[in-house]
Structures are given as C-alpha cells and as structure tokens.
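Enquirer: Sharing protein.txt, compact mmCIF, N, CA and C atoms:
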```txt
# COMPACT_ATOMS: atom_id res chain seq x y z
N MET A 1 19.86 10.33 6.45
CA MET A 1 20.88 11.33 6.27
C MET A 1 20.52 12.54 7.12
N SER A 2 21.51 13.14 7.67
CA SER A 2 21.30 14.30 8.53
C SER A 2 21.64 15.57 7.79
N GLY A 3 21.00 16.65 8.24
CA GLY A 3 21.31 17.96 7.70
C GLY A 3 22.61 18.47 8.31
N ALA A 4 22.96 19.70 7.97
CA ALA A 4 24.22 20.29 8.42
C ALA A 4 24.31 20.38 9.94
N ASN A 5 23.18 20.56 10.63
CA ASN A 5 23.22 20.70 12.08
C ASN A 5 22.94 19.37 12.80
N GLY A 6 22.97 18.26 12.07
CA GLY A 6 22.79 16.96 12.68
C GLY A 6 21.33 16.51 12.78
N THR A 7 20.39 17.35 12.36
CA THR A 7 18.99 16.96 12.39
C THR A 7 18.66 16.18 11.12
N LEU A 8 17.61 15.39 11.20
CA LEU A 8 17.18 14.63 10.05
C LEU A 8 16.66 15.55 8.96
N THR A 9 16.98 15.23 7.72
CA THR A 9 16.40 15.98 6.61
C THR A 9 14.92 15.64 6.53
N LYS A 10 14.14 16.50 5.89
CA LYS A 10 12.71 16.23 5.69
C LYS A 10 12.54 14.91 4.94
N GLU A 11 13.36 14.68 3.94
CA GLU A 11 13.24 13.46 3.14
C GLU A 11 13.44 12.22 4.01
N THR A 12 14.46 12.25 4.86
CA THR A 12 14.72 11.12 5.75
C THR A 12 13.56 10.94 6.73
N LYS A 13 13.07 12.05 7.26
CA LYS A 13 11.93 11.99 8.18
C LYS A 13 10.71 11.36 7.50
N TYR A 14 10.42 11.77 6.27
CA TYR A 14 9.26 11.23 5.57
C TYR A 14 9.44 9.75 5.23
N LYS A 15 10.64 9.36 4.85
CA LYS A 15 10.89 7.93 4.60
C LYS A 15 10.69 7.12 5.88
N THR A 16 11.12 7.67 7.01
CA THR A 16 10.94 6.99 8.29
C THR A 16 9.46 6.85 8.62
N ILE A 17 8.66 7.86 8.34
CA ILE A 17 7.21 7.78 8.58
C ILE A 17 6.59 6.67 7.73
N VAL A 18 6.99 6.59 6.46
CA VAL A 18 6.47 5.51 5.60
C VAL A 18 6.92 4.15 6.13
N GLN A 19 8.18 4.03 6.53
CA GLN A 19 8.67 2.76 7.08
C GLN A 19 7.91 2.40 8.35
N ASN A 20 7.63 3.38 9.20
CA ASN A 20 6.87 3.12 10.43
C ASN A 20 5.44 2.67 10.11
N PHE A 21 4.84 3.24 9.07
CA PHE A 21 3.52 2.80 8.60
C PHE A 21 3.58 1.31 8.25
N VAL A 22 4.58 0.94 7.47
CA VAL A 22 4.75 -0.46 7.05
C VAL A 22 4.96 -1.36 8.27
N ASN A 23 5.82 -0.94 9.19
CA ASN A 23 6.08 -1.75 10.38
C ASN A 23 4.82 -1.95 11.21
N ALA A 24 4.03 -0.87 11.38
CA ALA A 24 2.78 -0.97 12.14
C ALA A 24 1.79 -1.88 11.42
N TRP A 25 1.69 -1.72 10.12
CA TRP A 25 0.79 -2.59 9.32
C TRP A 25 1.18 -4.05 9.52
N ASN A 26 2.46 -4.35 9.35
CA ASN A 26 2.93 -5.73 9.46
C ASN A 26 2.71 -6.30 10.86
N ALA A 27 2.68 -5.43 11.86
CA ALA A 27 2.42 -5.86 13.24
C ALA A 27 0.91 -5.96 13.53
N GLY A 28 0.09 -5.61 12.54
CA GLY A 28 -1.36 -5.67 12.72
C GLY A 28 -1.93 -4.47 13.46
N ASP A 29 -1.15 -3.42 13.60
CA ASP A 29 -1.59 -2.22 14.32
C ASP A 29 -2.00 -1.15 13.31
N LEU A 30 -3.18 -1.35 12.72
CA LEU A 30 -3.62 -0.44 11.67
C LEU A 30 -3.93 0.95 12.20
N GLY A 31 -4.34 1.05 13.47
CA GLY A 31 -4.58 2.36 14.07
C GLY A 31 -3.33 3.22 14.05
N THR A 32 -2.20 2.64 14.44
CA THR A 32 -0.94 3.36 14.41
C THR A 32 -0.52 3.63 12.97
N ALA A 33 -0.71 2.65 12.10
CA ALA A 33 -0.34 2.83 10.70
C ALA A 33 -1.07 4.03 10.11
N PHE A 34 -2.38 4.08 10.29
CA PHE A 34 -3.16 5.15 9.66
C PHE A 34 -3.02 6.49 10.37
N SER A 35 -2.38 6.52 11.54
CA SER A 35 -2.16 7.80 12.20
C SER A 35 -1.16 8.65 11.41
N ALA A 36 -0.47 8.05 10.45
CA ALA A 36 0.45 8.80 9.59
C ALA A 36 -0.30 9.60 8.53
N TRP A 37 -1.60 9.33 8.37
CA TRP A 37 -2.38 9.97 7.32
C TRP A 37 -3.19 11.13 7.86
N ALA A 38 -3.26 12.19 7.09
CA ALA A 38 -4.08 13.35 7.45
C ALA A 38 -5.56 12.96 7.33
N PRO A 39 -6.42 13.51 8.19
CA PRO A 39 -7.85 13.19 8.13
C PRO A 39 -8.49 13.53 6.79
N ASP A 40 -7.94 14.51 6.09
CA ASP A 40 -8.50 14.92 4.80
C ASP A 40 -7.69 14.37 3.62
N ILE A 41 -7.00 13.26 3.83
CA ILE A 41 -6.18 12.65 2.78
C ILE A 41 -7.02 12.38 1.53
N ILE A 42 -6.37 12.50 0.40
CA ILE A 42 -6.98 12.12 -0.87
C ILE A 42 -6.16 10.97 -1.43
N HIS A 43 -6.83 9.86 -1.70
CA HIS A 43 -6.18 8.69 -2.28
C HIS A 43 -6.64 8.60 -3.74
N HIS A 44 -5.68 8.64 -4.63
CA HIS A 44 -5.98 8.56 -6.05
C HIS A 44 -5.97 7.09 -6.46
N SER A 45 -7.05 6.65 -7.08
CA SER A 45 -7.11 5.28 -7.59
C SER A 45 -7.47 5.34 -9.07
N ARG A 46 -7.48 4.19 -9.71
CA ARG A 46 -7.76 4.18 -11.14
C ARG A 46 -9.21 4.53 -11.43
N LEU A 47 -10.08 4.42 -10.45
CA LEU A 47 -11.50 4.71 -10.66
C LEU A 47 -11.90 6.11 -10.23
N SER A 48 -11.35 6.59 -9.12
CA SER A 48 -11.75 7.89 -8.62
C SER A 48 -10.80 8.32 -7.51
N ASP A 49 -11.00 9.53 -7.04
CA ASP A 49 -10.26 10.00 -5.88
C ASP A 49 -11.11 9.72 -4.65
N ASN A 50 -10.49 9.17 -3.63
CA ASN A 50 -11.22 8.76 -2.43
C ASN A 50 -10.76 9.54 -1.22
N LYS A 51 -11.69 9.78 -0.34
CA LYS A 51 -11.38 10.32 0.98
C LYS A 51 -11.10 9.13 1.90
N ILE A 52 -10.93 9.39 3.17
CA ILE A 52 -10.54 8.34 4.13
C ILE A 52 -11.55 7.20 4.16
N GLU A 53 -12.84 7.49 3.99
CA GLU A 53 -13.85 6.43 4.03
C GLU A 53 -13.66 5.42 2.90
N GLY A 54 -13.34 5.90 1.71
CA GLY A 54 -13.09 5.01 0.58
C GLY A 54 -11.84 4.18 0.77
N ILE A 55 -10.83 4.79 1.38
CA ILE A 55 -9.59 4.07 1.65
C ILE A 55 -9.87 2.95 2.66
N GLU A 56 -10.61 3.27 3.71
CA GLU A 56 -10.93 2.27 4.73
C GLU A 56 -11.72 1.11 4.13
N LEU A 57 -12.65 1.39 3.21
CA LEU A 57 -13.41 0.32 2.55
C LEU A 57 -12.49 -0.57 1.73
N SER A 58 -11.59 0.04 0.99
CA SER A 58 -10.64 -0.72 0.17
C SER A 58 -9.76 -1.61 1.04
N PHE A 59 -9.22 -1.05 2.13
CA PHE A 59 -8.38 -1.85 3.02
C PHE A 59 -9.19 -2.96 3.68
N ASP A 60 -10.44 -2.70 4.01
CA ASP A 60 -11.29 -3.72 4.61
C ASP A 60 -11.48 -4.91 3.66
N ILE A 61 -11.69 -4.63 2.39
CA ILE A 61 -11.85 -5.69 1.38
C ILE A 61 -10.59 -6.55 1.33
N PHE A 62 -9.43 -5.91 1.28
CA PHE A 62 -8.17 -6.66 1.22
C PHE A 62 -7.91 -7.43 2.51
N MET A 63 -8.19 -6.82 3.64
CA MET A 63 -7.89 -7.49 4.91
C MET A 63 -8.81 -8.68 5.17
N ARG A 64 -10.04 -8.65 4.67
CA ARG A 64 -10.92 -9.81 4.82
C ARG A 64 -10.45 -10.95 3.92
N ALA A 65 -9.95 -10.62 2.75
CA ALA A 65 -9.49 -11.64 1.81
C ALA A 65 -8.10 -12.16 2.15
N PHE A 66 -7.23 -11.25 2.60
CA PHE A 66 -5.82 -11.58 2.86
C PHE A 66 -5.42 -11.02 4.23
N PRO A 67 -5.92 -11.59 5.32
CA PRO A 67 -5.71 -10.99 6.65
C PRO A 67 -4.25 -10.96 7.12
N ASN A 68 -3.40 -11.77 6.51
CA ASN A 68 -2.00 -11.78 6.95
C ASN A 68 -1.10 -11.01 5.98
N ILE A 69 -1.65 -9.99 5.33
CA ILE A 69 -0.85 -9.19 4.40
C ILE A 69 0.44 -8.74 5.09
N HIS A 70 1.52 -8.90 4.35
CA HIS A 70 2.84 -8.45 4.83
C HIS A 70 3.47 -7.61 3.72
N ILE A 71 3.97 -6.46 4.10
CA ILE A 71 4.58 -5.54 3.14
C ILE A 71 6.09 -5.54 3.35
N LYS A 72 6.82 -5.75 2.26
CA LYS A 72 8.29 -5.67 2.30
C LYS A 72 8.69 -4.45 1.49
N VAL A 73 9.47 -3.58 2.11
CA VAL A 73 9.98 -2.40 1.42
C VAL A 73 11.19 -2.82 0.59
N ASN A 74 11.09 -2.66 -0.72
CA ASN A 74 12.22 -2.94 -1.60
C ASN A 74 13.08 -1.71 -1.83
N ASP A 75 12.42 -0.56 -1.91
CA ASP A 75 13.16 0.67 -2.16
C ASP A 75 12.27 1.87 -1.82
N MET A 76 12.90 2.96 -1.44
CA MET A 76 12.20 4.22 -1.20
C MET A 76 13.08 5.36 -1.69
N VAL A 77 12.45 6.31 -2.34
CA VAL A 77 13.13 7.51 -2.80
C VAL A 77 12.31 8.70 -2.33
N ALA A 78 12.98 9.68 -1.78
CA ALA A 78 12.29 10.88 -1.30
C ALA A 78 12.90 12.12 -1.92
N GLU A 79 12.02 13.04 -2.25
CA GLU A 79 12.45 14.34 -2.73
C GLU A 79 11.41 15.35 -2.29
N GLY A 80 11.86 16.39 -1.63
CA GLY A 80 10.93 17.39 -1.13
C GLY A 80 9.94 16.75 -0.18
N ASN A 81 8.65 16.94 -0.45
CA ASN A 81 7.61 16.38 0.44
C ASN A 81 7.00 15.10 -0.11
N LYS A 82 7.69 14.41 -1.03
CA LYS A 82 7.17 13.17 -1.63
C LYS A 82 8.10 11.99 -1.34
N VAL A 83 7.46 10.84 -1.09
CA VAL A 83 8.19 9.58 -0.97
C VAL A 83 7.57 8.59 -1.94
N VAL A 84 8.41 8.00 -2.77
CA VAL A 84 7.98 6.94 -3.68
C VAL A 84 8.56 5.64 -3.15
N SER A 85 7.68 4.66 -2.94
CA SER A 85 8.08 3.38 -2.36
C SER A 85 7.75 2.25 -3.31
N PHE A 86 8.66 1.28 -3.37
CA PHE A 86 8.41 0.06 -4.14
C PHE A 86 8.32 -1.08 -3.14
N PHE A 87 7.16 -1.73 -3.09
CA PHE A 87 6.89 -2.79 -2.13
C PHE A 87 6.65 -4.12 -2.82
N THR A 88 6.91 -5.20 -2.11
CA THR A 88 6.39 -6.52 -2.43
C THR A 88 5.42 -6.87 -1.32
N VAL A 89 4.20 -7.23 -1.69
CA VAL A 89 3.15 -7.53 -0.73
C VAL A 89 2.81 -9.01 -0.85
N THR A 90 2.70 -9.70 0.28
CA THR A 90 2.31 -11.10 0.29
C THR A 90 1.11 -11.28 1.22
N GLY A 91 0.35 -12.31 0.96
CA GLY A 91 -0.79 -12.63 1.81
C GLY A 91 -1.38 -13.97 1.40
N THR A 92 -2.18 -14.54 2.28
CA THR A 92 -2.84 -15.81 2.00
C THR A 92 -4.31 -15.53 1.73
N HIS A 93 -4.79 -16.06 0.62
CA HIS A 93 -6.18 -15.84 0.20
C HIS A 93 -7.11 -16.75 1.01
N VAL A 94 -7.59 -16.22 2.15
CA VAL A 94 -8.43 -17.03 3.04
C VAL A 94 -9.87 -16.51 3.14
N GLY A 95 -10.19 -15.42 2.43
CA GLY A 95 -11.54 -14.89 2.43
C GLY A 95 -11.95 -14.52 1.02
N GLU A 96 -13.24 -14.31 0.81
CA GLU A 96 -13.76 -13.96 -0.50
C GLU A 96 -13.09 -12.68 -1.00
N PHE A 97 -12.74 -12.67 -2.29
CA PHE A 97 -12.14 -11.49 -2.92
C PHE A 97 -12.77 -11.29 -4.28
N MET A 98 -13.49 -10.20 -4.43
CA MET A 98 -14.15 -9.85 -5.69
C MET A 98 -15.01 -11.00 -6.22
N GLY A 99 -15.71 -11.65 -5.31
CA GLY A 99 -16.60 -12.74 -5.69
C GLY A 99 -15.93 -14.10 -5.77
N LYS A 100 -14.63 -14.14 -5.65
CA LYS A 100 -13.89 -15.41 -5.73
C LYS A 100 -13.72 -15.98 -4.31
N PRO A 101 -14.21 -17.20 -4.08
CA PRO A 101 -14.03 -17.81 -2.75
C PRO A 101 -12.54 -18.02 -2.45
N ALA A 102 -12.24 -18.16 -1.18
CA ALA A 102 -10.86 -18.37 -0.74
C ALA A 102 -10.24 -19.57 -1.42
N THR A 103 -8.98 -19.42 -1.81
CA THR A 103 -8.24 -20.52 -2.43
C THR A 103 -7.23 -21.13 -1.46
N GLY A 104 -6.91 -20.40 -0.40
CA GLY A 104 -5.87 -20.86 0.53
C GLY A 104 -4.47 -20.63 0.01
N LYS A 105 -4.34 -20.03 -1.18
CA LYS A 105 -3.03 -19.81 -1.79
C LYS A 105 -2.31 -18.61 -1.17
N GLN A 106 -1.00 -18.77 -1.02
CA GLN A 106 -0.13 -17.65 -0.67
C GLN A 106 0.15 -16.93 -1.97
N ILE A 107 -0.13 -15.62 -2.01
CA ILE A 107 0.11 -14.86 -3.23
C ILE A 107 1.00 -13.67 -2.93
N SER A 108 1.54 -13.09 -3.98
CA SER A 108 2.35 -11.88 -3.81
C SER A 108 2.15 -10.98 -5.02
N TRP A 109 2.36 -9.68 -4.79
CA TRP A 109 2.26 -8.71 -5.87
C TRP A 109 3.15 -7.52 -5.55
N SER A 110 3.41 -6.74 -6.57
CA SER A 110 4.23 -5.54 -6.43
C SER A 110 3.33 -4.32 -6.31
N SER A 111 3.84 -3.32 -5.61
CA SER A 111 3.11 -2.08 -5.44
C SER A 111 4.09 -0.91 -5.46
N VAL A 112 3.70 0.15 -6.14
CA VAL A 112 4.44 1.40 -6.11
C VAL A 112 3.51 2.42 -5.47
N ASP A 113 3.98 3.03 -4.40
CA ASP A 113 3.17 4.00 -3.67
C ASP A 113 3.85 5.36 -3.69
N ILE A 114 3.04 6.40 -3.84
CA ILE A 114 3.53 7.77 -3.77
C ILE A 114 2.80 8.44 -2.63
N SER A 115 3.55 8.94 -1.67
CA SER A 115 2.99 9.64 -0.52
C SER A 115 3.46 11.08 -0.54
N VAL A 116 2.50 12.00 -0.43
CA VAL A 116 2.81 13.43 -0.37
C VAL A 116 2.49 13.90 1.05
N PHE A 117 3.42 14.61 1.66
CA PHE A 117 3.28 15.06 3.04
C PHE A 117 2.89 16.52 3.11
N ASN A 118 2.08 16.86 4.12
CA ASN A 118 1.70 18.25 4.36
C ASN A 118 2.64 18.87 5.40
N GLU A 119 2.35 20.10 5.79
CA GLU A 119 3.20 20.83 6.75
C GLU A 119 3.20 20.18 8.14
N ASP A 120 2.18 19.36 8.44
CA ASP A 120 2.09 18.66 9.73
C ASP A 120 2.77 17.29 9.69
N ASP A 121 3.50 17.01 8.62
CA ASP A 121 4.19 15.73 8.43
C ASP A 121 3.23 14.55 8.38
N LYS A 122 2.04 14.78 7.82
CA LYS A 122 1.05 13.73 7.60
C LYS A 122 0.90 13.52 6.10
N VAL A 123 0.59 12.29 5.70
CA VAL A 123 0.35 12.00 4.29
C VAL A 123 -1.01 12.62 3.93
N CYS A 124 -0.98 13.57 3.00
CA CYS A 124 -2.21 14.27 2.61
C CYS A 124 -2.70 13.82 1.24
N GLU A 125 -1.83 13.16 0.49
CA GLU A 125 -2.20 12.67 -0.83
C GLU A 125 -1.43 11.37 -1.06
N HIS A 126 -2.11 10.41 -1.71
CA HIS A 126 -1.50 9.08 -1.86
C HIS A 126 -1.97 8.42 -3.15
N TRP A 127 -1.02 7.77 -3.81
CA TRP A 127 -1.32 6.91 -4.94
C TRP A 127 -0.79 5.54 -4.58
N GLY A 128 -1.58 4.50 -4.75
CA GLY A 128 -1.13 3.13 -4.55
C GLY A 128 -1.37 2.39 -5.85
N LEU A 129 -0.31 2.12 -6.58
CA LEU A 129 -0.41 1.47 -7.88
C LEU A 129 0.10 0.05 -7.74
N TYR A 130 -0.82 -0.90 -7.73
CA TYR A 130 -0.41 -2.28 -7.50
C TYR A 130 -0.75 -3.16 -8.68
N ASP A 131 -0.07 -4.28 -8.75
CA ASP A 131 -0.19 -5.21 -9.87
C ASP A 131 -1.47 -6.04 -9.73
N GLU A 132 -2.59 -5.44 -10.13
CA GLU A 132 -3.89 -6.11 -10.01
C GLU A 132 -3.94 -7.40 -10.83
N MET A 133 -3.33 -7.38 -12.01
CA MET A 133 -3.35 -8.57 -12.87
C MET A 133 -2.71 -9.76 -12.16
N SER A 134 -1.65 -9.51 -11.43
CA SER A 134 -0.98 -10.59 -10.70
C SER A 134 -1.90 -11.15 -9.62
N ILE A 135 -2.55 -10.26 -8.88
CA ILE A 135 -3.48 -10.72 -7.85
C ILE A 135 -4.61 -11.52 -8.48
N PHE A 136 -5.24 -10.95 -9.50
CA PHE A 136 -6.38 -11.60 -10.15
C PHE A 136 -6.00 -12.98 -10.71
N SER A 137 -4.82 -13.08 -11.30
CA SER A 137 -4.42 -14.37 -11.87
C SER A 137 -4.13 -15.39 -10.78
N GLN A 138 -3.52 -14.97 -9.68
CA GLN A 138 -3.16 -15.91 -8.61
C GLN A 138 -4.37 -16.44 -7.86
N VAL A 139 -5.46 -15.66 -7.79
CA VAL A 139 -6.65 -16.15 -7.09
C VAL A 139 -7.66 -16.77 -8.05
N GLY A 140 -7.35 -16.78 -9.34
CA GLY A 140 -8.21 -17.44 -10.31
C GLY A 140 -9.33 -16.58 -10.87
N LEU A 141 -9.16 -15.27 -10.88
CA LEU A 141 -10.18 -14.39 -11.43
C LEU A 141 -10.02 -14.15 -12.93
N LEU A 142 -8.88 -14.56 -13.49
CA LEU A 142 -8.66 -14.37 -14.92
C LEU A 142 -8.52 -15.73 -15.59
N PRO A 143 -9.19 -15.91 -16.72
CA PRO A 143 -9.05 -17.18 -17.44
C PRO A 143 -7.64 -17.34 -18.00
N ILE A 144 -7.17 -18.55 -18.03
CA ILE A 144 -5.81 -18.85 -18.50
C ILE A 144 -5.61 -18.35 -19.93
N GLU A 145 -6.67 -18.37 -20.75
CA GLU A 145 -6.56 -17.90 -22.14
C GLU A 145 -6.20 -16.40 -22.17
N PHE A 146 -6.77 -15.66 -21.24
CA PHE A 146 -6.47 -14.23 -21.19
C PHE A 146 -5.01 -14.01 -20.79
N LEU A 147 -4.57 -14.75 -19.79
CA LEU A 147 -3.19 -14.60 -19.34
C LEU A 147 -2.20 -15.03 -20.41
N ALA A 148 -2.52 -16.09 -21.15
CA ALA A 148 -1.64 -16.57 -22.22
C ALA A 148 -1.50 -15.51 -23.31
N SER A 149 -2.59 -14.77 -23.58
CA SER A 149 -2.53 -13.75 -24.62
C SER A 149 -1.71 -12.54 -24.18
N MET A 150 -1.46 -12.39 -22.88
CA MET A 150 -0.72 -11.25 -22.36
C MET A 150 0.79 -11.50 -22.35
N SER A 151 1.23 -12.74 -22.54
CA SER A 151 2.67 -13.02 -22.43
C SER A 151 3.41 -12.78 -23.72
```
Just give me the structure of the file as structure tokens.
Expert:
Amino acid sequence: MSGANGTLTKETKYKTIVQNFVNAWNAGDLGTAFSAWAPDIIHHSRLSDNKIEGIELSFDIFMRAFPNIHIKVNDMVAEGNKVVSFFTVTGTHVGEFMGKPATGKQISWSSVDISVFNEDDKVCEHWGLYDEMSIFSQVGLLPIEFLASMS
C-alpha cells in the first residue's frame, strides 16, 4: 500500500524486507537474508536472549539437519515498526538433530515470527516461535506415549 504521495508506507516496506529475507533464504543466499538484520540484533528465545552469534549457531544446527529448509509465507501483518509473520517451514531431515540421526523424512512445522525494525530499516529485535513439538515428533525425538497423552 502506498502513502498519500505514492511512496510505500513503512509497514509495506518492512513487510517487503521480511519477504526478501524469506526469498533469499529459500534461494540459499543466507548472506543476503541476514543483511536485513542489525549487527546488534537481539533474538528472544525460550531459553535466553541471543546476540547474532547465538542466532548463527541456532541456524547452523537447523541447516546441518535440514539443509533444504523452505519457508512459505502464509500471512504477514505490520503495524508501526513491527511485522508479525506466519510461516510454514519444510525440510528433509538429512543430518543429526539434537542427537537424533537423520531419518530422511520430509517434515514441516509452523512458525510465528515477530520482527522489530530500527530507524535504519534493519531488524533489531526478533522472536521466532516455532512448533518444536511437531519437529521433535516427526524426527522421532518424542515417544509415541507422550504424543498420545497430548491429543
């Protein structure tokens, strides 16, 4: 959507940046993907807040286990300097993941991401909330008895 003078609104610009991140990721161009992030980004996870080094370690773990990760954007909502995205992520389990050897299975999971932009139009804060239980169950990290008790 354009503003009154025909320029892109900040919200549209930020959604485009997130979409470009996804497109670069899906093309295997992680350098371009991560150029959307500020060097001092803070990534909030369930265990702690991470700087760029922690984020890179997390992505490295996933990329070794699921090197063909593909992100599909299902929806994006922007307000002010925040973009909330709902993704479906797919990948093939071809490398060790959390101690579990490769299964060769194609798996998928949902992710909700919140990106906060700074004045330089870089993501300075990020939350990635993904369906860990789905991943763990699909690669065989959870016993069937546990999953049965969750339904």
Enquirer: Just give me the gap between atom C of Asp131 in chain A and atom N of Trp37 in chain A in Å, one decimal is fine.
Expert: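 Value for the atom C of Asp131 in chain A-atom N of Trp37 in chain A distance: 23.7 Å.
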Enquirer: I need every residue sitting at most 5 Å from the point (4.4, -10.9, 1.6) (coordinates as in the file, all atoms listed in the file considered), written as a ChimeraX atom specification.
Expert: /A:70,89-91
Enquirer: Would you export the selected residues with N, CA and C atoms as a PDB file, keeping the file's coordinate frame, please?
Expert:
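Contents of the output file part07.pdb:
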```
ATOM      1  N   HIS A  70       1.520  -8.900   4.350  1.00  0.00           N
ATOM      2  CA  HIS A  70       2.840  -8.450   4.830  1.00  0.00           C
ATOM      3  C   HIS A  70       3.470  -7.610   3.720  1.00  0.00           C
ATOM      4  N   VAL A  89       4.200  -7.230  -1.690  1.00  0.00           N
ATOM      5  CA  VAL A  89       3.150  -7.530  -0.730  1.00  0.00           C
ATOM      6  C   VAL A  89       2.810  -9.010  -0.850  1.00  0.00           C
ATOM      7  N   THR A  90       2.700  -9.700   0.280  1.00  0.00           N
ATOM      8  CA  THR A  90       2.310 -11.100   0.290  1.00  0.00           C
ATOM      9  C   THR A  90       1.110 -11.280   1.220  1.00  0.00           C
ATOM     10  N   GLY A  91       0.350 -12.310   0.960  1.00  0.00           N
ATOM     11  CA  GLY A  91      -0.790 -12.630   1.810  1.00  0.00           C
ATOM     12  C   GLY A  91      -1.380 -13.970   1.400  1.00  0.00           C
TER      13      GLY A  91
END
```
Enquirer: List every residue of range 9-145 of chain A that DSSP, applied to the backbone, labels as strand (DSSP E), and write the result as an MDAnalysis selection string.
Expert: chainID A and resid 37:44 49:50 70:79 82:92 106:117 123:130
Enquirer: Just the number, please: distance in Å from atom N of Leu141 in chain A to atom C of Lys72 in chain A, one decimal.
Expert: 24.3 Å
Enquirer: Using all atoms of range 62-72 of chain A that appear in the file, construct an axis-aligned enclosing box with 5 Å of padding on every side and provide its centre coordinates and edge lengths in Å, rounded to one decimal, as AutoDock Vina command-line options.
Expert:
```
--center_x -1.1 --center_y -8.3 --center_z 4.2 --size_x 29.6 --size_y 17.7 --size_z 15.9
```
Enquirer: Using only C-alpha atoms, which of the listed residues (A:Asn118, A:Thr32, A:Ala24, A:Pro67) sits closest to Glu96 in chain A?
Expert: A:Pro67
Enquirer: How far is it from CA of Ser134 in chain A to CA of Gln19 in chain A, in Å with one decimal?
Expert: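 Taking CA of Ser134 in chain A as the start and CA of Gln19 in chain A as the end point, the length is 24.2 Å.
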